[in-house]
Each structure stands twice: as structure tokens, then as C-alpha cells.
Amino acid sequence: MLRSLPAASPTPRRGDILFSSVKGRPQILLTQSAWRRVRVRAENKGTDTEGLPQASWHTLPDGMRLEKIEMPSSSSSSYPPLLFVHGSYHGAWCWTELFGPYFSNLGYDVVAISLRGQGNSDKGDLKVAGTLQSHVDDLASVIASFDRPPVVVAHSFGGLLLESYCSLQQNMGNRPKIAGACLVAAVPPAGNKEIITRITKKSLLKSMRITWGFISKSFRKDADACRELFFSEDLAEDRLLEYQAKLAQCSDVALLDVRKLSSQVPLPPLDESIFVDGSIRAFVGGGTNDCVVDPPAVEEAAAYFGVTPVLWDNMAHDVMLDTRWERVAEDIDTWMKESFSVTHT
């Protein structure tokens with residue numbers, strides 16, 4: 001049976017933080033519902049560690065540390081590992097809620113990171129976490145730490161970072177190759193300017209609410225604003241409040257200076273050589289009800305990789321946490337099975 005965790009790691013209440021029981025490791029941000037799920041999984045496995053997220057650090061060349069949460073598979077397979085990258089105002093926690101247990105149960109080794117200045121990663125005196133280029137450099141450092149090339153799964157502005165990583169950027173150096181690129185609700189290679197223009201044409205009031213929501217970070221205290229930006233109308237209220245608390249904890253440092261982004265986009269063409277064997281393996285999807293990355297933006301990102309986009313009906317921006325998240329996970333799993341030869345032991 002599952003042994004009791006140390007007294008320093010009690011089952012958290014809503015909004016609490018679960019502390020790692022290993023000295024020197026980062027805290028793990030888990031909601032109460034996610035904690036119940038991973039505890040049940042570990043209990044079913046009959047061990048006190050298997051199935052639980054494992055927190056550690058990835059140390060960057062400049063000494064800054066990124067939060068890293070691993071959820072190893074319970075079986076061995078030839079799947080490439082999955083590296084999950086979040087977007088603005090999120091952290092590694094957004095992947096370990098639902099996607100982490102789901103994919104590790106299917107035989108994937110799961111790693112989720114918090115980008116520089118985000119989640120539990122080092123912040124120092126940062127006001128803005130970094131530039132597009134510096135985040136790409138950080139991502140390259142993380143990818144280089146894998147034993148074999150991962151499939152990178154990226155959301156929102158994390159998707160733009162992945163697109164930039166895969167592009168023919170100048171002064172990129174020797175980037176480690178990746179097995180595949182999976183983008184969900186990703187900001188497209190041209191940035192978000194055209195998205196804002198389209199939403200403004202449809203509804204000036206809605207465009208103003210969305211823009212103000214991100215500028216003022218009103219989603220931290222206003223549950224309605226949080227729902228409008230990130231979630232569907234039918235997401236349970238208790239789940240919404242749990243996620244809102246985590247978003248608030250991850251919103252102190254801006255991921256990018258959006259005002260400077262216009263000089264860095266559109267991105268150069270895709271560099272096919274970044275993929276193992278030069279073979280492009282990419283998946284791109286998004287929600288039809290997403291007010292942050294709309295369907296035309298999803299289509300733009302898909303065209304960049306030369307693939308057909310998947311659009312999920314009645315899905316908001318946070319596809320990995322939203323009411324119908326399993327549709328997204330199932331489609332990614334199907335794509336993985338079609339793209340990679342898999343055997344289990």
C-alpha cells in the first residue's frame with residue numbers, strides 16, 4: 001500500500017502548494033483534484049513513488065534554474081519522450097494536472113518544464129522572463145539534456161517559441177534535434193497582431209476585454225475574466241477556481257515583452273533539418289471557441305509545418321485543462337502512434 005508522505009508534504013487544500021520531500025528540489029504546483037489523481041495512480045501501482053510527479057531542476061548555462069517535473073512511464077516502449085512547454089502566465093503544473101498522468105499511463109515518459117521566470121523556476125529580479133531568442137536558447141539547453149530526441153508539445157506563446165526553435169533563425173548555433181513538434185492553441189509564426197485585428201473586427205468590446213485581461217492580469221482575481229480568457233463556460237466552478245489560483249501564482253513575471261515581439265516576427269521559414277532524419281513530424285490543433293488563438297491562427301501555424309490542422313469544437317484556449325481535454329489528448333496519442341513505430345515491453 002501507499003505509505004504516508006512526510007509531514008512536510010500534506011495533502012494540499014485548494015490553492016496550496018505541494019512541497020517536494022527531497023531537499024533542494026522545487027515545489028510542485030498541483031491542485032487538490034490533481035493530487036487526488038496521482039495519489040490514486042500511485043496507490044494502484046502499490047508503491048509510494050511510482051505515478052507521482054518527480055520534481056527537479058534543469059540548470060541553464062548562466063546558472064538560472066528551470067523547474068522540471070517528470071512523470072515516467074510505468075512501462076518501457078519505443079515512444080519518444082514528451083517535453084511539455086507552457087505559454088504565458090502558466091507553468092509546468094498545467095501539464096501535470098491531466099496530460100501528465102494520461103500520457104505516462106499510455107507508455108510515454110513525460111517531462112514538463114516551467115520557462116525562465118515562470119512557475120517555480122528562478123526569477124531573480126526579472127521583470128520580463130526573456131526574449132524569443134533567449135527562450136529558444138533555454139529550450140535548446142533542456143532538449144540537449146534528453147537521452148534521445150523528444151517530441152516537444154507546446155501551448156500558446158510556448159508554441160511560438162517552438163516554431164522559432166524550428167525556424168531558419170540566424171545565430172542559432174547547434175540546436176539539438178527533435179523527434180517531432182506538437183502545437184496546441186499556439187501563437188502562429190506571424191505573432192498575435194492579426195489575431196487581435198480579427199477579434200476587434202468581430203467585437204471591439206470583446207477585444208478590449210481580452211487585451212485588458214492580459215495587460216492588467218485581471219484573471220488573477222476575476223473568475224469571469226479567467227473563464228473568458230482560458231476556459232469554456234461549462235468548466236466546473238471548483239476546477240476554475242483551482243486553476244485560477246495557479247495562474248495567479250505564475251503571473252508575476254511576463255514571459256515576453258509583447259511590444260518588442262513585432263520586430264521578431266514573422267519568423268523565417270521552417271528548418272527541416274531540426275527534425276530527426278530531416279523528416280517533418282508535426283501536429284497542430286486548436287479550439288473553435290478560443291478567443292486568444294483563433295482558428296485562422298491555428299491554420300497559419302499548421303501551414304508553417306505543412307500539415308492539416310485539427311480544430312476541436314467547443315474548446316477554449318487552455319485545451320490541456322478545459323472540459324473536453326481528453327479529445328485533445330486522444331488526438332495527440334493517435335498522431336504519435338501514426339508517426340512513430342511503437343513497441344511495449
# chains A, B, ... in the order shown; residues from 1 in each chain; ligands from 1
$ residues_around --residues "region 264-278 of chain A" --least-positions-apart "6" --cutoff "8 Å" --atoms "only C-alpha atoms" --output "PyMOL selection string"
chain A and resi 132+149+163-164+166-169+175-180+189-191+304-305
$ residues_around --residues "Gly124 (chain A)" --least-positions-apart "6" --cutoff "12 Å" --atoms "only C-alpha atoms" --output "list in words"
Gly63, Met64, Arg65, Arg116, Gly117, Gln118, Asp252 and Val253 of chain A
$ write_last_selection --atoms "N, CA, C and O atoms" --output "PDB file, in the first residue's frame"
ATOM      1  N   GLY A  63      23.434  29.588 -15.078  1.00  0.00           N
ATOM      2  CA  GLY A  63      23.208  29.272 -13.679  1.00  0.00           C
ATOM      3  C   GLY A  63      21.757  29.361 -13.236  1.00  0.00           C
ATOM      4  O   GLY A  63      21.413  28.875 -12.147  1.00  0.00           O
ATOM      5  N   MET A  64      20.890  29.985 -14.032  1.00  0.00           N
ATOM      6  CA  MET A  64      19.465  30.034 -13.690  1.00  0.00           C
ATOM      7  C   MET A  64      18.883  28.625 -13.774  1.00  0.00           C
ATOM      8  O   MET A  64      19.289  27.816 -14.612  1.00  0.00           O
ATOM      9  N   ARG A  65      17.912  28.353 -12.894  1.00  0.00           N
ATOM     10  CA  ARG A  65      17.333  27.013 -12.837  1.00  0.00           C
ATOM     11  C   ARG A  65      15.879  27.029 -13.304  1.00  0.00           C
ATOM     12  O   ARG A  65      15.107  27.921 -12.950  1.00  0.00           O
ATOM     13  N   ARG A 116      11.922  30.116 -17.975  1.00  0.00           N
ATOM     14  CA  ARG A 116      12.648  31.082 -17.142  1.00  0.00           C
ATOM     15  C   ARG A 116      11.689  32.126 -16.552  1.00  0.00           C
ATOM     16  O   ARG A 116      10.891  32.737 -17.266  1.00  0.00           O
ATOM     17  N   GLY A 117      11.765  32.291 -15.243  1.00  0.00           N
ATOM     18  CA  GLY A 117      10.937  33.291 -14.573  1.00  0.00           C
ATOM     19  C   GLY A 117       9.494  32.885 -14.384  1.00  0.00           C
ATOM     20  O   GLY A 117       8.692  33.672 -13.874  1.00  0.00           O
ATOM     21  N   GLN A 118       9.131  31.664 -14.764  1.00  0.00           N
ATOM     22  CA  GLN A 118       7.739  31.212 -14.703  1.00  0.00           C
ATOM     23  C   GLN A 118       7.608  30.067 -13.696  1.00  0.00           C
ATOM     24  O   GLN A 118       8.578  29.371 -13.401  1.00  0.00           O
ATOM     25  N   ASP A 252       3.605  36.685 -12.074  1.00  0.00           N
ATOM     26  CA  ASP A 252       4.391  37.825 -11.596  1.00  0.00           C
ATOM     27  C   ASP A 252       5.346  38.365 -12.654  1.00  0.00           C
ATOM     28  O   ASP A 252       5.576  39.576 -12.741  1.00  0.00           O
ATOM     29  N   VAL A 253       5.938  37.465 -13.440  1.00  0.00           N
ATOM     30  CA  VAL A 253       6.934  37.855 -14.439  1.00  0.00           C
ATOM     31  C   VAL A 253       6.384  37.577 -15.836  1.00  0.00           C
ATOM     32  O   VAL A 253       5.973  36.454 -16.134  1.00  0.00           O
TER      33      VAL A 253
END
$ atom_distance --atom1 "CA of Gln244 (chain A)" --atom2 "CA of Phe219 (chain A)"
7.2 Å
$ atom_distance --atom1 "CA of Ala223 (chain A)" --atom2 "CA of Val111 (chain A)"
29.3 Å
$ residues_around --residues "region 70-72 of chain A" --least-positions-apart "4" --cutoff "8 Å" --atoms "only C-alpha atoms" --output "list in words"
Gly51, Leu52, Pro53, Gln54, Ala55, Gly100, Pro101, Ser104, Tyr108, Asp109, Val110, Val111 and Ala112 of chain A
$ select_by_dssp --residues "region 113-288 of chain A" --states "strand (DSSP E or B)" --output "number ranges by chain"
A: 113, 128, 151-156, 167, 178, 180-186, 254, 270, 275, 282-287
$ select_by_dssp --residues "region 113-239 of chain A" --states "helix (DSSP H, G or I)" --output "PyMOL selection string"
chain A and resi 132-144+157-165+193-202+204-216+218-220+223-230+237-239
$ write_last_selection --atoms "C-alpha atoms" --output "mmCIF file, in the first residue's frame"
data_model
loop_
_atom_site.group_PDB
_atom_site.id
_atom_site.type_symbol
_atom_site.label_atom_id
_atom_site.label_comp_id
_atom_site.auth_asym_id
_atom_site.auth_seq_id
_atom_site.Cartn_x
_atom_site.Cartn_y
_atom_site.Cartn_z
ATOM 1 C CA LEU A 132 12.172 34.987 -28.108
ATOM 2 C CA GLN A 133 15.838 34.185 -28.757
ATOM 3 C CA SER A 134 16.789 33.676 -25.102
ATOM 4 C CA HIS A 135 13.839 31.344 -24.524
ATOM 5 C CA VAL A 136 14.844 29.362 -27.622
ATOM 6 C CA ASP A 137 18.355 29.068 -26.179
ATOM 7 C CA ASP A 138 16.875 27.811 -22.885
ATOM 8 C CA LEU A 139 14.730 25.291 -24.767
ATOM 9 C CA ALA A 140 17.801 24.034 -26.628
ATOM 10 C CA SER A 141 19.564 23.504 -23.287
ATOM 11 C CA VAL A 142 16.639 21.446 -21.982
ATOM 12 C CA ILE A 143 16.357 19.350 -25.163
ATOM 13 C CA ALA A 144 20.095 18.633 -25.046
ATOM 14 C CA PHE A 157 3.309 31.526 -26.688
ATOM 15 C CA GLY A 158 5.209 28.329 -25.924
ATOM 16 C CA GLY A 159 4.138 27.323 -29.432
ATOM 17 C CA LEU A 160 5.760 30.441 -30.868
ATOM 18 C CA LEU A 161 8.967 29.503 -29.053
ATOM 19 C CA LEU A 162 8.819 26.032 -30.607
ATOM 20 C CA GLU A 163 8.166 27.497 -34.059
ATOM 21 C CA SER A 164 11.154 29.787 -33.601
ATOM 22 C CA TYR A 165 13.267 26.823 -32.483
ATOM 23 C CA LYS A 193 -1.221 41.010 -34.176
ATOM 24 C CA GLU A 194 -3.568 39.634 -36.829
ATOM 25 C CA ILE A 195 -5.480 37.676 -34.187
ATOM 26 C CA ILE A 196 -6.207 40.896 -32.307
ATOM 27 C CA THR A 197 -7.254 42.589 -35.546
ATOM 28 C CA ARG A 198 -9.718 39.803 -36.392
ATOM 29 C CA ILE A 199 -11.259 39.765 -32.922
ATOM 30 C CA THR A 200 -11.562 43.568 -32.941
ATOM 31 C CA LYS A 201 -13.432 43.461 -36.247
ATOM 32 C CA LYS A 202 -15.900 40.980 -34.778
ATOM 33 C CA LEU A 204 -14.481 45.787 -30.239
ATOM 34 C CA LEU A 205 -15.795 45.282 -26.705
ATOM 35 C CA LYS A 206 -14.593 41.678 -26.535
ATOM 36 C CA SER A 207 -11.220 42.658 -27.953
ATOM 37 C CA MET A 208 -10.865 45.335 -25.275
ATOM 38 C CA ARG A 209 -11.787 42.864 -22.519
ATOM 39 C CA ILE A 210 -9.262 40.312 -23.735
ATOM 40 C CA THR A 211 -6.497 42.884 -24.134
ATOM 41 C CA TRP A 212 -7.209 44.405 -20.730
ATOM 42 C CA GLY A 213 -7.364 40.952 -19.178
ATOM 43 C CA PHE A 214 -3.781 40.241 -20.192
ATOM 44 C CA ILE A 215 -2.410 43.732 -19.557
ATOM 45 C CA SER A 216 -3.984 44.126 -16.106
ATOM 46 C CA SER A 218 -7.448 40.695 -14.130
ATOM 47 C CA PHE A 219 -7.820 36.920 -14.449
ATOM 48 C CA ARG A 220 -5.919 36.593 -11.164
ATOM 49 C CA ALA A 223 -13.102 34.414 -12.130
ATOM 50 C CA ASP A 224 -15.273 35.585 -15.041
ATOM 51 C CA ALA A 225 -12.262 37.144 -16.755
ATOM 52 C CA CYS A 226 -10.260 33.967 -16.139
ATOM 53 C CA ARG A 227 -13.000 31.871 -17.728
ATOM 54 C CA GLU A 228 -13.339 34.154 -20.744
ATOM 55 C CA LEU A 229 -9.609 34.096 -21.488
ATOM 56 C CA PHE A 230 -8.791 30.468 -20.845
ATOM 57 C CA GLU A 237 -16.625 26.294 -10.895
ATOM 58 C CA ASP A 238 -14.412 24.497 -8.376
ATOM 59 C CA ARG A 239 -11.982 23.479 -11.125
#
$ closest_residue --among "A:Glu330, A:Ala181, A:Ser88, A:Ala254" --to "Gly130 (chain A)" --atoms "only C-alpha atoms"
A:Ala254
$ closest_atom_pairs --of "region 72-114 of chain A" --to "region 306-320 of chain A" --cutoff "10 Å" --atoms "only C-alpha atoms" --output "Markdown table"
| residue | atom | partner | partner_atom | distance |
| --- | --- | --- | --- | --- |
| A:Gly87 | CA | A:Asp318 | CA | 9.7 |
| A:His90 | CA | A:Asp318 | CA | 9.9 |
| A:Cys94 | CA | A:Met320 | CA | 7.3 |
| A:Trp95 | CA | A:Met320 | CA | 6.8 |
| A:Thr96 | CA | A:Met320 | CA | 9.6 |
| A:Glu97 | CA | A:Met320 | CA | 8.5 |
| A:Leu98 | CA | A:Met320 | CA | 7.0 |
| A:Phe99 | CA | A:Met320 | CA | 6.5 |
| A:Gly100 | CA | A:Met320 | CA | 9.9 |
$ atom_distance --atom1 "CA of Val292 (chain A)" --atom2 "CA of Glu233 (chain A)"
15.2 Å
$ closest_residue --among "A:Ala329, A:Leu255, A:Ile69, A:Met336" --to "Pro150 (chain A)" --atoms "only C-alpha atoms"
A:Met336
